[in-house]
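Visitor: A single structure is presented below for examination.
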Amino acid sequence: MGFLLNCIECGKQYEPAASGYLCGCGGLLDIYIDIDQAKTQVSLEKFDERAKNSSPGRSSGVWRYKELIVPDFDDDAIVSIHEGNTRLYDVPQLAKSLGLDALQIKHEGENPSGSFKDRGMTVAVSRACQQGAKIIACASTGNTSASMALYAARCGIKALVLVPEGKVSKGKLAQTIAYGAITIEIEGDFDDCMKMIMDGAQSGMIYPMNSVNPFRPAGQKTIIWELLQQKNWNPPDWIVFPAGNLGNYSAFGLAIQEFYDIGLLKKKPRLAGVQAAGANPFYKSYCSQFENRYTVQAETLATAIRIGNPVNYPRAVRALKWTDGVVTEVDDQEIMDAKAQVERGGIGAEPSSCAAVAGLRRLLKENIIKSDDNVVVIFTGHMLKDSESTLSYHTGKIPGIDSRYAGKLYKLKPTISHLGKFIENELEKN
Ligand SMILES: *Cc1c(COP(=O)(O)O)cnc(C)c1O
Ligand SMILES: [Zn+2]
């Protein structure tokens with residue numbers, strides 16, 4: 001049996017062993033899911049049964065949906081570290097401040113390496129190990145590399161990482177190095193690193209682990225299925241999330257369309273991808289009704305979405321059409337303000353994730369999303385991934401950014417009388 005890869009441009013099907021990461025026509029590939037076969041293999045009841053099972057092979061929030069990720073994949077080849085099973089939070093104060101009746105946040109920063117990247121990486125690394133890859137490689141703004149390094153360490157495969165010099169947060173770089181990946185800073189931006197990976201993959205020198213690798217989006221589909229499951233299979237009206245290399249936009253579209261085709265979903269949620277204004281190629285293409293595919297020189301504080309030439313563009317356009325999706329953009333001031341406001345409500349995330357909240361605010365203002373719509377925001381990365389930007393904001397040290405919602409940091413002499421006076425002053429403030 002096994003499975004097939006499918007070209008999204010010309011529809012050609014491949015035996016996986018015989019193919020690289022692109023079709024001969026240049027098109028991106030999907031793992032082919034046979035809808036009729038899936039209808040006989042999976043059901044909502046089956047997924048619910050598995051979610052109750054905490055045994056090692058079933059504790060993953062990814063592999064619970066195995067038949068719809070890589071059909072017939074060998075269980076013994078799975079490299080898993082309990083990824084997924086991230087929580088869904090009610091955030092009533094934030095909902096109120098946005099003018100929404102209700103809002104939920106699914107926090108993918110709760111994955112083992114601190115970002116959603118683990119969902120695709122468990123699948124892609126499992127496959128690479130099964131194929132006996134000698135060295136796996138990725139370009140990264142930090143989270144892909146941290147995740148790849150973690151899974152590579154788990155199965156003892158060599159990992160090589162290209163990162164843009166000076167543009168990766170310390171936390172992410174530290175993780176990548178500590179988990180043992182060979183880490184190379186490139187004098188260029190993410191798009192330069194990505195091009196090197198694509199060229200290396202084309203020549204067979206590198207086994208690419210970026211989301212062009214169809215096993216990555218295949219795993220990321222489970223963010224949506226797990227979300228639906230947590231909502232007792234009642235779909236939200238909107239799913240709002242940051243959009244950089246467009247892996248999630250692509251994967252979310254596939255997840256929704258496949259579930260719909262199998263008959264597991266009655267109504268499709270709409271996707272809303274949020275870009276940083278300084279890294280907005282997909283937004284520009286969207287505004288041209290996809291007449292043009294834009295690339296930009298990317299610059300934003302939200303480094304995880306600092307991408308000017310997203311490789312998943314064709315997959316994401318397809319996903320947008322399937323889900324009647326939208327794209328919006330927000331500037332760095334809006335992103336950092338949204339981050340500060342969200343965190344004052346007791347839920348934190350890295351800047352790119354908070355861009356989604358800023359984008360939601362904009363879509364509400366434009367009346368694209370309505371106040372009584374059922375909305376879920378996907379937080380993609382953990383708050384501690386980028387503490388530099390958080391501290392810089394709260395201490396007013398980001399050039400060009402007005403720290404409107406800054407918290408406070410004081411200095412005091414080391415005596416109890418200084419502290420006593422300080423507390424007295426604080427209490428008088430209200
Ligand atoms: C990778 C990443 C993104 C961008 O996701 P894409 O699927 O490439 O659009 C957003 N936020 C965080 C925290 C990420 O790590
Ligand atoms: Zn093709």
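The way I read the labels, and the way they are meant: chains A, B, ... in the order of the structure tokens, residue 1 as the first residue of every chain, and ligand 1 as the first ligand shown, with later ones counted on from there.
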Could you give me the residues within 8 Å of ligand 1, counting only C-alpha atoms and all ligand atoms, as a PyMOL selection string?
Guide: chain A and resi 109+115-117+141-144+211+241-250+304-305+310+350-353+379-382
Visitor: As JSON, numbers by chain, please: every residue in range 116-190 of chain A that a backbone DSSP assignment puts in helix (DSSP H, G or I).
Guide: {"A": [117, 118, 119, 120, 121, 122, 123, 124, 125, 126, 127, 128, 129, 130, 143, 144, 145, 146, 147, 148, 149, 150, 151, 152, 153, 154, 155, 170, 171, 172, 173, 174, 175, 176, 177, 178, 190]}
Visitor: Can you write out as CSV which residues of chain A fall within 7 Å of ligand 2, alongside each residue's closest atom pair and its distance in Å to one decimal, counting only C-alpha atoms and all ligand atoms and ordering rows by chain and ascending residue number?
Guide:
```
residue,atom,partner,partner_atom_place_in_ligand_line,distance
A:Cys7,CA,ligand 2,1 (Zn),4.6
A:Ile8,CA,ligand 2,1 (Zn),6.6
A:Glu9,CA,ligand 2,1 (Zn),5.1
A:Cys10,CA,ligand 2,1 (Zn),4.1
A:Gly11,CA,ligand 2,1 (Zn),6.0
A:Lys12,CA,ligand 2,1 (Zn),5.6
A:Cys23,CA,ligand 2,1 (Zn),4.5
A:Gly24,CA,ligand 2,1 (Zn),5.8
A:Cys25,CA,ligand 2,1 (Zn),4.3
A:Gly26,CA,ligand 2,1 (Zn),6.1
A:Gly27,CA,ligand 2,1 (Zn),4.8
```
Visitor: Those residues you just picked out, can you put them in a file as a PDB file, in the first residue's frame with N, CA and C atoms?
Guide:
```pdb
ATOM      1  N   CYS A   7       1.059  16.344  -7.244  1.00  0.00           N
ATOM      2  CA  CYS A   7       1.453  17.714  -7.610  1.00  0.00           C
ATOM      3  C   CYS A   7       0.247  18.639  -7.572  1.00  0.00           C
ATOM      4  N   ILE A   8       0.367  19.783  -6.891  1.00  0.00           N
ATOM      5  CA  ILE A   8      -0.788  20.676  -6.779  1.00  0.00           C
ATOM      6  C   ILE A   8      -1.017  21.466  -8.067  1.00  0.00           C
ATOM      7  N   GLU A   9      -0.018  21.474  -8.973  1.00  0.00           N
ATOM      8  CA  GLU A   9      -0.182  22.238 -10.217  1.00  0.00           C
ATOM      9  C   GLU A   9      -0.721  21.366 -11.354  1.00  0.00           C
ATOM     10  N   CYS A  10      -0.064  20.214 -11.618  1.00  0.00           N
ATOM     11  CA  CYS A  10      -0.444  19.420 -12.797  1.00  0.00           C
ATOM     12  C   CYS A  10      -1.166  18.137 -12.422  1.00  0.00           C
ATOM     13  N   GLY A  11      -1.272  17.843 -11.097  1.00  0.00           N
ATOM     14  CA  GLY A  11      -2.046  16.681 -10.674  1.00  0.00           C
ATOM     15  C   GLY A  11      -1.323  15.348 -10.806  1.00  0.00           C
ATOM     16  N   LYS A  12      -0.086  15.362 -11.284  1.00  0.00           N
ATOM     17  CA  LYS A  12       0.664  14.125 -11.436  1.00  0.00           C
ATOM     18  C   LYS A  12       0.895  13.458 -10.075  1.00  0.00           C
ATOM     19  N   CYS A  23       7.524  18.806  -8.130  1.00  0.00           N
ATOM     20  CA  CYS A  23       7.181  18.051  -9.331  1.00  0.00           C
ATOM     21  C   CYS A  23       8.132  18.479 -10.459  1.00  0.00           C
ATOM     22  N   GLY A  24       8.230  17.674 -11.489  1.00  0.00           N
ATOM     23  CA  GLY A  24       9.008  18.049 -12.664  1.00  0.00           C
ATOM     24  C   GLY A  24       8.545  19.380 -13.237  1.00  0.00           C
ATOM     25  N   CYS A  25       7.258  19.697 -13.053  1.00  0.00           N
ATOM     26  CA  CYS A  25       6.707  20.959 -13.574  1.00  0.00           C
ATOM     27  C   CYS A  25       7.023  22.129 -12.656  1.00  0.00           C
ATOM     28  N   GLY A  26       7.681  21.862 -11.516  1.00  0.00           N
ATOM     29  CA  GLY A  26       8.001  22.931 -10.566  1.00  0.00           C
ATOM     30  C   GLY A  26       6.972  23.083  -9.465  1.00  0.00           C
ATOM     31  N   GLY A  27       5.869  22.325  -9.570  1.00  0.00           N
ATOM     32  CA  GLY A  27       4.788  22.460  -8.587  1.00  0.00           C
ATOM     33  C   GLY A  27       5.135  21.834  -7.240  1.00  0.00           C
TER      34      GLY A  27
END
```
Visitor: Between A:Tyr151, A:Tyr260, A:Trp238, A:Tyr179, which residue has the minimum interatomic distance to Ile105 in chain A, considering only C-alpha atoms?
Guide: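 Of the candidates, the smallest distance to Ile105 in chain A is held by A:Trp238.
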Visitor: Using only C-alpha atoms, which residue out of A:Cys129, A:Leu364, A:Val168, A:Ile262 lies closest to Val42 in chain A?
Guide: A:Ile262
Visitor: Could you name the residues that touch range 279-292 of chain A at 12 Å or less, counting only C-alpha atoms, but leaving out those on the same chain fewer than 2 positions away, as number ranges by chain?
Guide: A: 190-191, 242-246, 249, 272-277, 294-318, 320-321, 325-332, 352, 355, 359
Visitor: Using only C-alpha atoms, determine which residues lie at most 8 Å from range 216-219 of chain A, disregarding the query and same-chain residues fewer than 2 positions distant; provide the list as a VMD selection string.
Guide: chain A and resid 30 to 31 62 69 to 70 119 to 124 209 to 214 221 to 222 247 to 248 250 to 251
Visitor: Got a sec to tell me which of range 164-407 of chain A DSSP assigns to strand (DSSP E), as a ChimeraX atom specification?
Guide: /A:164,182-186,207-208,238-242,270-276,326-330,375-379
Visitor: Which value, in Å to one decimal, gives the distance between CA of Ser371 in chain A and CA of Lys267 in chain A?
Guide: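 Separation of CA of Ser371 in chain A and CA of Lys267 in chain A: 19.3 Å.
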Visitor: Here is a test: counting only C-alpha atoms, which residue of A:Thr323, A:Leu391, A:Gly171, A:Lys231 is nearest to Lys268 in chain A?
Guide: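 Checking each of A:Thr323, A:Leu391, A:Gly171, A:Lys231 against Lys268 in chain A, counting only C-alpha atoms, the winner is A:Thr323.
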Visitor: Could you check the closest approach to Asp372 in chain A for each of A:Ile35, A:Asp75, A:Asp48, A:Ala102 and tell me which residue wins, using only C-alpha atoms?
Guide: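 Checking each candidate against Asp372 in chain A, we get A:Ala102 as the closest.
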